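Trainee: Here's a structure for you.
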Amino acid sequence: MVVLGIDIGGSGIKGAPVDLATGAFTADRVRIETPQPADTDAVVRTVAAVAGSFDDAASIGITFPAVVQHGVTKTAANVDKSWVDAPAEQLFSAALGKPVTVLNDADAAGVAEIEYGAGKGVGGLVVMVTFGTGIGSALFIDGKLVPNTEFGHLQLSGLHLHGGDAEDYASDRIREADDLGWPEWAERVQAYLRHLHALLWPDLIIIGGGVSKKADKFLHLVDVPTTVVPAALQNNAGIVGAALLAHRRAGAV
């Protein structure tokens, strides 16, 4: 059975078929730049192009950088505002010719890490934080997802960090835009994670997104009073989690 995962990000849309027994890809990942503007029509066309790179799939899961409720995207922090209240599952299903499952991108990445990666077998409260164009988050209690947390939009003004969303201070996009060195960026990540820890007191924090494969450059500089580890599936976690949840949903109907 081929189960396809597609991960929509602020800079790229990538997908691959996934072996759900192992969480491994069964073919090379395909990535296409996210269209600009990233409006509904352009993104749907790009997702269809990614999906068309592979054999027909039994199930398709698609991640999106937004709150997703009942197949509808409710926010649009790093994509075009046309996605606010868009019937995402209907749009993608019409383009792909079959039902799809759409979910928050960080939630998908977290599900993959809980099933196959750094969070496997970990009880208590686990937080996945993805650093990319923005900051995504996923919260788990004894392995069960609490969907659509938006901890990347925590306000950090109380920490005298110029105010505004945390992702405008500590995302990977800001690291690149402000030309920050790894030690300087690590200070920002530490301030953000300490603030998050003070609110939640998690047993484990998993760092995901593209920077997870560069954890050796910054993570040893981050001091937080709990265990902090890089994502085992690195930037592939969103694809894997999307495929897994699409398969689970298909099996439930």
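Here, A, B, ... name the chains of the structure tokens in the order displayed, residue numbers run from 1 inside each chain, and ligands are numbered from 1 in the same displayed order.
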Neighbouring residues of Pro230 of chain A were defined as those with any atom within 10 Å, considering only C-alpha atoms; residues of the same chain fewer than 4 positions away were excluded. Please report them as number ranges by chain.
Mentor: A: 117-118, 128-130, 205-209, 211-216, 219, 234
Trainee: Create the file for the chosen residues now, containing N, CA and C atoms and written as a PDB file, in the first residue's frame.
Mentor:
```
ATOM      1  N   GLY A 117      10.108   8.389  16.333  1.00  0.00           N
ATOM      2  CA  GLY A 117      11.330   9.128  16.584  1.00  0.00           C
ATOM      3  C   GLY A 117      11.651   9.430  18.029  1.00  0.00           C
ATOM      4  N   ALA A 118      12.014  10.684  18.282  1.00  0.00           N
ATOM      5  CA  ALA A 118      12.558  11.084  19.580  1.00  0.00           C
ATOM      6  C   ALA A 118      11.547  10.991  20.711  1.00  0.00           C
ATOM      7  N   MET A 128       6.695  19.357  20.778  1.00  0.00           N
ATOM      8  CA  MET A 128       7.499  19.449  19.560  1.00  0.00           C
ATOM      9  C   MET A 128       7.470  20.901  19.101  1.00  0.00           C
ATOM     10  N   VAL A 129       8.644  21.463  18.828  1.00  0.00           N
ATOM     11  CA  VAL A 129       8.738  22.836  18.341  1.00  0.00           C
ATOM     12  C   VAL A 129       9.514  22.816  17.032  1.00  0.00           C
ATOM     13  N   THR A 130       8.910  23.326  15.970  1.00  0.00           N
ATOM     14  CA  THR A 130       9.570  23.337  14.672  1.00  0.00           C
ATOM     15  C   THR A 130      10.002  24.756  14.325  1.00  0.00           C
ATOM     16  N   ILE A 205      11.234  18.329  25.245  1.00  0.00           N
ATOM     17  CA  ILE A 205      11.042  19.238  24.118  1.00  0.00           C
ATOM     18  C   ILE A 205      11.821  18.673  22.934  1.00  0.00           C
ATOM     19  N   ILE A 206      11.138  18.507  21.813  1.00  0.00           N
ATOM     20  CA  ILE A 206      11.764  18.019  20.588  1.00  0.00           C
ATOM     21  C   ILE A 206      11.881  19.180  19.612  1.00  0.00           C
ATOM     22  N   ILE A 207      13.079  19.396  19.083  1.00  0.00           N
ATOM     23  CA  ILE A 207      13.329  20.487  18.154  1.00  0.00           C
ATOM     24  C   ILE A 207      13.276  19.938  16.729  1.00  0.00           C
ATOM     25  N   GLY A 208      12.331  20.459  15.926  1.00  0.00           N
ATOM     26  CA  GLY A 208      12.179  20.010  14.557  1.00  0.00           C
ATOM     27  C   GLY A 208      12.364  21.134  13.566  1.00  0.00           C
ATOM     28  N   GLY A 209      11.996  20.860  12.323  1.00  0.00           N
ATOM     29  CA  GLY A 209      12.231  21.800  11.245  1.00  0.00           C
ATOM     30  C   GLY A 209      13.597  21.594  10.623  1.00  0.00           C
ATOM     31  N   VAL A 211      16.324  23.134  10.913  1.00  0.00           N
ATOM     32  CA  VAL A 211      17.501  23.302  11.771  1.00  0.00           C
ATOM     33  C   VAL A 211      17.812  22.043  12.581  1.00  0.00           C
ATOM     34  N   SER A 212      16.893  21.091  12.624  1.00  0.00           N
ATOM     35  CA  SER A 212      17.148  19.886  13.424  1.00  0.00           C
ATOM     36  C   SER A 212      18.346  19.106  12.907  1.00  0.00           C
ATOM     37  N   LYS A 213      18.623  19.202  11.606  1.00  0.00           N
ATOM     38  CA  LYS A 213      19.794  18.512  11.066  1.00  0.00           C
ATOM     39  C   LYS A 213      21.091  19.281  11.311  1.00  0.00           C
ATOM     40  N   LYS A 214      20.967  20.469  11.901  1.00  0.00           N
ATOM     41  CA  LYS A 214      22.135  21.275  12.257  1.00  0.00           C
ATOM     42  C   LYS A 214      22.222  21.466  13.773  1.00  0.00           C
ATOM     43  N   ALA A 215      21.617  20.520  14.515  1.00  0.00           N
ATOM     44  CA  ALA A 215      21.531  20.661  15.974  1.00  0.00           C
ATOM     45  C   ALA A 215      22.896  20.785  16.627  1.00  0.00           C
ATOM     46  N   ASP A 216      23.910  20.190  16.006  1.00  0.00           N
ATOM     47  CA  ASP A 216      25.250  20.252  16.593  1.00  0.00           C
ATOM     48  C   ASP A 216      25.821  21.656  16.594  1.00  0.00           C
ATOM     49  N   LEU A 219      22.399  23.458  19.584  1.00  0.00           N
ATOM     50  CA  LEU A 219      21.606  22.917  20.677  1.00  0.00           C
ATOM     51  C   LEU A 219      22.395  22.810  21.975  1.00  0.00           C
ATOM     52  N   GLN A 234      14.104  14.545  11.570  1.00  0.00           N
ATOM     53  CA  GLN A 234      14.533  15.844  11.051  1.00  0.00           C
ATOM     54  C   GLN A 234      13.402  16.496  10.250  1.00  0.00           C
TER      55      GLN A 234
END
```
Trainee: Quick one: residues within 6 Å of segment 163-176 of chain A, only C-alpha atoms, excluding same-chain residues fewer than 5 positions away - as a ChimeraX atom specification?
Mentor: /A:131-135,152-157,188-189
Trainee: Pick out each residue of segment 67-155 of chain A that DSSP on the backbone tags as helix (DSSP H, G or I); I need them as a short mmCIF file (atom, residue, chain, number, x, y, z; two decimals) with N, CA and C atoms, in the first residue's frame.
Mentor:
```
data_model
loop_
_atom_site.label_atom_id
_atom_site.label_comp_id
_atom_site.auth_asym_id
_atom_site.auth_seq_id
_atom_site.Cartn_x
_atom_site.Cartn_y
_atom_site.Cartn_z
N LYS A 81 -3.52 35.23 2.61
CA LYS A 81 -4.70 35.35 3.46
C LYS A 81 -5.94 34.69 2.84
N SER A 82 -5.86 34.31 1.57
CA SER A 82 -6.99 33.60 0.96
C SER A 82 -7.23 32.25 1.62
N TRP A 83 -6.26 31.77 2.43
CA TRP A 83 -6.42 30.49 3.11
C TRP A 83 -7.24 30.60 4.40
N ALA A 88 -9.97 23.61 2.88
CA ALA A 88 -8.74 23.03 2.34
C ALA A 88 -8.93 21.59 1.88
N GLU A 89 -9.56 20.76 2.71
CA GLU A 89 -9.73 19.36 2.31
C GLU A 89 -10.56 19.24 1.04
N GLN A 90 -11.58 20.06 0.90
CA GLN A 90 -12.39 20.03 -0.31
C GLN A 90 -11.57 20.46 -1.52
N LEU A 91 -10.77 21.50 -1.37
CA LEU A 91 -9.97 22.01 -2.49
C LEU A 91 -8.96 20.98 -2.96
N PHE A 92 -8.24 20.38 -2.01
CA PHE A 92 -7.23 19.39 -2.38
C PHE A 92 -7.88 18.11 -2.92
N SER A 93 -8.98 17.70 -2.33
CA SER A 93 -9.67 16.49 -2.79
C SER A 93 -10.15 16.65 -4.23
N ALA A 94 -10.67 17.82 -4.55
CA ALA A 94 -11.14 18.08 -5.92
C ALA A 94 -9.98 18.02 -6.91
N ALA A 95 -8.83 18.57 -6.52
CA ALA A 95 -7.68 18.60 -7.42
C ALA A 95 -7.03 17.22 -7.59
N LEU A 96 -7.05 16.42 -6.52
CA LEU A 96 -6.36 15.14 -6.53
C LEU A 96 -7.29 13.97 -6.86
N ASP A 105 0.91 21.51 10.26
CA ASP A 105 2.20 20.92 9.91
C ASP A 105 3.00 20.48 11.13
N ALA A 106 3.02 21.28 12.19
CA ALA A 106 3.76 20.88 13.38
C ALA A 106 3.11 19.70 14.08
N ASP A 107 1.78 19.64 14.06
CA ASP A 107 1.09 18.48 14.62
C ASP A 107 1.52 17.20 13.90
N ALA A 108 1.60 17.28 12.57
CA ALA A 108 2.01 16.10 11.79
C ALA A 108 3.42 15.68 12.14
N ALA A 109 4.32 16.67 12.22
CA ALA A 109 5.71 16.35 12.57
C ALA A 109 5.80 15.73 13.95
N GLY A 110 5.03 16.26 14.89
CA GLY A 110 5.03 15.70 16.24
C GLY A 110 4.52 14.28 16.29
N VAL A 111 3.45 14.00 15.55
CA VAL A 111 2.90 12.64 15.51
C VAL A 111 3.96 11.66 15.00
N ALA A 112 4.71 12.07 13.99
CA ALA A 112 5.76 11.20 13.46
C ALA A 112 6.85 10.94 14.50
N GLU A 113 7.23 11.97 15.25
CA GLU A 113 8.27 11.80 16.26
C GLU A 113 7.79 10.94 17.43
N ILE A 114 6.52 11.03 17.76
CA ILE A 114 5.96 10.20 18.83
C ILE A 114 5.89 8.73 18.38
N GLU A 115 5.56 8.50 17.12
CA GLU A 115 5.40 7.15 16.60
C GLU A 115 6.73 6.47 16.29
N TYR A 116 7.65 7.23 15.69
CA TYR A 116 8.87 6.62 15.17
C TYR A 116 10.16 7.20 15.74
N PHE A 151 2.00 27.87 19.81
CA PHE A 151 2.99 28.44 20.73
C PHE A 151 4.04 29.28 20.01
N GLY A 152 4.09 29.21 18.68
CA GLY A 152 4.99 30.09 17.94
C GLY A 152 4.55 31.54 17.98
N HIS A 153 3.30 31.76 18.40
CA HIS A 153 2.78 33.12 18.46
C HIS A 153 2.70 33.65 19.90
#
```
Trainee: Rounded to one decimal in Å, what is the spacing between atom CA of Ala58 of chain A and atom CA of Lys14 of chain A?
Mentor: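 Answer for the atom CA of Ala58 of chain A to atom CA of Lys14 of chain A separation: 18.2 Å.
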Trainee: Please list as a list in words every residue within 7 Å of Thr34 of chain A, counting only C-alpha atoms and excluding residues in the same chain fewer than 2 positions away.
Mentor: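 Surrounding residues, per the criterion: Gly10, Ser11, Gly12, Ile13, Ile32, Gln36 and Ala38 of chain A.
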Trainee: Just to be explicit: take each residue in the selection above, keep C-alpha atoms, and write the result as a short mmCIF file (atom, residue, chain, number, x, y, z; two decimals), in the first residue's frame.
Mentor:
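Result written to selection.cif:
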```
data_model
loop_
_atom_site.label_atom_id
_atom_site.label_comp_id
_atom_site.auth_asym_id
_atom_site.auth_seq_id
_atom_site.Cartn_x
_atom_site.Cartn_y
_atom_site.Cartn_z
CA GLY A 10 6.44 28.74 3.69
CA SER A 11 9.35 28.14 1.31
CA GLY A 12 8.79 24.67 -0.15
CA ILE A 13 6.13 22.02 -0.79
CA ILE A 32 8.82 22.36 -5.39
CA GLN A 36 4.40 33.42 -4.35
CA ALA A 38 0.87 31.32 -1.85
#
```
Trainee: Among segment 20-167 of chain A, which ones does DSSP place in strand (DSSP E or B), written as a VMD selection string?
Mentor: chain A and resid 24 to 25 30 to 33 59 to 64 68 to 69 72 to 73 86 101 to 104 125 to 131 135 to 141 144 to 146 155 165
Trainee: Write to file, as a JSON list (two decimals), in the first residue's frame, the residues of the selection just made, with C-alpha atoms.
Mentor:
```
[["chain", "number", "residue", "atom", "x", "y", "z"],
["A", 24, "ALA", "CA", 10.92, 5.55, 5.89],
["A", 25, "PHE", "CA", 10.32, 6.96, 2.40],
["A", 30, "VAL", "CA", 10.08, 15.67, -4.42],
["A", 31, "ARG", "CA", 10.25, 19.36, -3.52],
["A", 32, "ILE", "CA", 8.82, 22.36, -5.39],
["A", 33, "GLU", "CA", 9.21, 25.97, -4.27],
["A", 59, "SER", "CA", -4.31, 7.65, 1.10],
["A", 60, "ILE", "CA", -2.94, 11.21, 1.00],
["A", 61, "GLY", "CA", -2.10, 13.37, 4.00],
["A", 62, "ILE", "CA", -1.28, 17.06, 3.60],
["A", 63, "THR", "CA", 0.19, 19.35, 6.23],
["A", 64, "PHE", "CA", -0.50, 23.08, 6.31],
["A", 68, "VAL", "CA", -6.85, 23.31, 10.74],
["A", 69, "GLN", "CA", -10.29, 22.49, 12.09],
["A", 72, "VAL", "CA", -10.83, 24.09, 7.12],
["A", 73, "THR", "CA", -7.72, 26.29, 7.45],
["A", 86, "ALA", "CA", -10.69, 28.04, 3.16],
["A", 101, "THR", "CA", -6.52, 14.52, 5.24],
["A", 102, "VAL", "CA", -5.29, 18.05, 6.02],
["A", 103, "LEU", "CA", -3.70, 18.89, 9.36],
["A", 104, "ASN", "CA", -1.40, 21.40, 11.01],
["A", 125, "LEU", "CA", 3.91, 16.00, 28.49],
["A", 126, "VAL", "CA", 5.97, 16.32, 25.30],
["A", 127, "VAL", "CA", 6.27, 19.43, 23.14],
["A", 128, "MET", "CA", 7.50, 19.45, 19.56],
["A", 129, "VAL", "CA", 8.74, 22.84, 18.34],
["A", 130, "THR", "CA", 9.57, 23.34, 14.67],
["A", 131, "PHE", "CA", 11.82, 26.19, 13.59],
["A", 135, "ILE", "CA", 7.65, 28.47, 14.71],
["A", 136, "GLY", "CA", 5.23, 25.57, 14.91],
["A", 137, "SER", "CA", 4.28, 23.54, 17.95],
["A", 138, "ALA", "CA", 2.66, 20.23, 18.83],
["A", 139, "LEU", "CA", 1.61, 19.15, 22.32],
["A", 140, "PHE", "CA", 1.24, 15.55, 23.50],
["A", 141, "ILE", "CA", -0.02, 14.13, 26.79],
["A", 144, "LYS", "CA", -2.02, 11.76, 22.61],
["A", 145, "LEU", "CA", -2.06, 14.90, 20.46],
["A", 146, "VAL", "CA", -3.67, 18.12, 21.64],
["A", 155, "GLN", "CA", 4.16, 37.18, 22.96],
["A", 165, "ASP", "CA", 5.31, 36.93, 18.13]]
```
Trainee: For segment 198-201 of chain A, list every protein, DNA or RNA residue within 8 Å, evaluated using only C-alpha atoms, and leave out those in the same chain fewer than 3 positions away; present the list as a list in words.
Mentor: Leu125, Arg194, His195 and Thr226 of chain A
